[in-house]
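Take a look at the structure below.
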Amino acid sequence: MTSSFHLRRRALASLLSEARLDCLLVTCPANWYYLTGFTGESGGLVLSQKGASLVTDGRFSVQGREETSGVRIMLQKNSLFESLGQFLKGTGTLRVGFDPGQLTVAQLRTVRKAAGRRVQWIPASGKVEALRMRKDAGELIQMRKAAVLAGEVAQAAIRMLKPGIREMEVAAEIEYQMRKRGASGPAFETIVAFGERAALPHARPTAKRLRKNELVVLDLGVILGHYCSDITRTVFVGRASRRIRSWYQAVLEAQTAAIAAVRAGASCGDVDAAARQVLAGYRLDGLFVHSTGHGLGLEVHEDPRLARGQKRRLEPGNVITIEPGVYAEGIGGIRIEDDVAVHQDRTEVLTRIPRDLIEL
């Protein structure tokens, strides 16, 4: 991966040159890992045409040297942002790009003061994220593995579902199975929702016990080799009613239509519209309360976003979720989610477990 990190830094340096920036201050951990391989918890990366310098404290200096190649490791002497400002002042840099979405007001004030008045601070949002959207071959290999592992864990969780079990028990077992199978942890807080609570798209597990004739929504993702996966399955414990069967079929058809709309060059809004059109045919579009999907990678929520009116066009290397759902207060919810990779001439569904309604 060392060569990949070098190529990414070179690609970013080219973007900085186009933007007439002397350097970019990178403070997001996912971004500095993407550019250098550094996995420490504290630091700031300064990247320019001349190279990359990572400012961190004594807890991570050895780690920084071991994990990176071609990156200068600088030991901070004061607070992190004061040290970053002093480093920039010493380089004679004049135009520094930064992401205002990644710095607090207090952090920006500190680094600007330490850098001195000669330095110009130029908002430069999304420079690294623009590169991260397009996964290379090595990243796709890792994301396939993460997606397969998430599916295995989801299937193991489904086998646990019996009346009397609590949501938090299922969630605990899911996260145990992730680590047992090699994941470094969950990509987000695992969602386990029984019955009426399944109507909450981001329900947190509680002590609620599963009863017969209830919907169950399981939404989970793993981090494997730094990359995230995200999968949702909905099952019914008991014999589903005609209404639940119809709703499930609607969501499944909506997801199938959205996946079919995914291709290089398609707009994110058109993919979202494909799902909504199907649900509208069932008169369920009013129960679809979130977007159809989001980008996936080093973080569980990345660009691009698949939502109403999104003009951004999908590109080869994008990995996205497709996750339509319907939610009815007092009844429950149904969501089906899979991870999809966009290639130049095809679409690849990375999560591979069945999507048909399961009745237990």
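Every chain in the structure tokens takes a letter, A first, then B, and so on in the order presented; its residues are numbered from 1, and the ligands are numbered from 1 following the presented order.
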Please identify every residue of range 46-163 of chain A that has at least one atom no farther than 9 Å from an atom of range 332-354 of chain A, counting only C-alpha atoms, and for each give the shortest atom pair and the distance in Å to one decimal, arranged by chain then increasing number, as a Markdown table.
| residue | atom | partner | partner_atom | distance |
| --- | --- | --- | --- | --- |
| A:Leu140 | CA | A:Ala341 | CA | 8.1 |
| A:Met143 | CA | A:Leu350 | CA | 7.8 |
| A:Arg144 | CA | A:Leu350 | CA | 5.5 |
| A:Lys145 | CA | A:Leu350 | CA | 8.5 |
| A:Ala146 | CA | A:Thr351 | CA | 8.8 |
| A:Ala147 | CA | A:Thr351 | CA | 5.0 |
| A:Val148 | CA | A:Thr351 | CA | 5.7 |
| A:Leu149 | CA | A:Thr351 | CA | 8.7 |
| A:Ala150 | CA | A:Thr351 | CA | 7.6 |
| A:Gly151 | CA | A:Ile353 | CA | 5.9 |
| A:Glu152 | CA | A:Ile353 | CA | 7.9 |
| A:Ala154 | CA | A:Ile353 | CA | 8.7 |
| A:Gln155 | CA | A:Ile353 | CA | 7.8 |
Between A:Ile358, A:Leu200, A:Val319, A:Ala30, which is the closest to Ala137 in chain A once you count only C-alpha atoms?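 Among A:Ile358, A:Leu200, A:Val319, A:Ala30, it is A:Val319 that comes nearest to Ala137 in chain A.
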Write out as a compact mmCIF listing (two decimals) with C-alpha atoms, in the first residue's frame all residues of range 116-318 of chain A that DSSP puts in strand (DSSP E) for this structure's backbone.
# COMPACT_ATOMS: atom_id res chain seq x y z
CA GLN A 120 -3.58 33.35 4.21
CA TRP A 121 -6.17 30.75 5.20
CA ILE A 122 -8.19 29.53 2.21
CA PRO A 123 -11.31 27.36 2.66
CA GLY A 185 -15.17 -3.33 15.27
CA PRO A 186 -18.56 -2.03 14.13
CA ILE A 191 -29.32 -1.15 15.00
CA VAL A 192 -31.62 -3.87 16.35
CA ALA A 193 -35.30 -2.93 16.45
CA PHE A 194 -38.27 -5.17 17.29
CA GLU A 214 -43.20 -8.76 15.10
CA LEU A 215 -40.94 -7.21 12.49
CA VAL A 216 -37.22 -7.14 13.19
CA VAL A 217 -34.82 -4.69 11.55
CA LEU A 218 -31.09 -5.50 11.75
CA ASP A 219 -28.72 -2.82 10.43
CA LEU A 220 -25.02 -3.47 10.94
CA VAL A 222 -18.06 -3.93 10.10
CA ILE A 223 -14.68 -2.25 9.83
CA LEU A 224 -12.28 -4.67 8.20
CA TYR A 227 -12.88 -0.12 5.35
CA CYS A 228 -16.57 -0.15 6.24
CA ILE A 231 -26.13 -4.03 5.46
CA THR A 232 -29.75 -4.14 6.59
CA ARG A 233 -32.17 -7.04 6.63
CA THR A 234 -35.75 -7.16 7.88
CA VAL A 235 -37.35 -10.40 9.02
CA PHE A 236 -40.71 -11.33 10.49
CA VAL A 237 -41.03 -13.57 13.53
CA GLY A 293 -28.18 5.70 -0.02
CA HIS A 294 -24.75 7.12 0.67
CA GLY A 295 -21.11 6.60 -0.15
CA GLU A 302 -19.11 9.44 2.61
CA ASP A 303 -19.88 11.15 -0.66
CA PRO A 304 -21.70 10.67 -2.93
CA ARG A 305 -25.17 11.02 -1.41
CA LEU A 306 -28.13 9.43 -3.20
Quick one: everything within 8 Å of Tyr34 in chain A, counting only C-alpha atoms, minus sequence neighbours fewer than 6 positions away in the same chain. Send it as a ChimeraX atom specification. /A:5,8,132
How would the residues just picked look written out with C-alpha atoms as a PDB file, in the first residue's frame?
ATOM      1  CA  PHE A   5      -0.296   6.329  -0.417  1.00  0.00           C
ATOM      2  CA  ARG A   8      -2.699   9.637  -3.508  1.00  0.00           C
ATOM      3  CA  ARG A 132     -11.581   8.987  -1.610  1.00  0.00           C
TER       4      ARG A 132
END
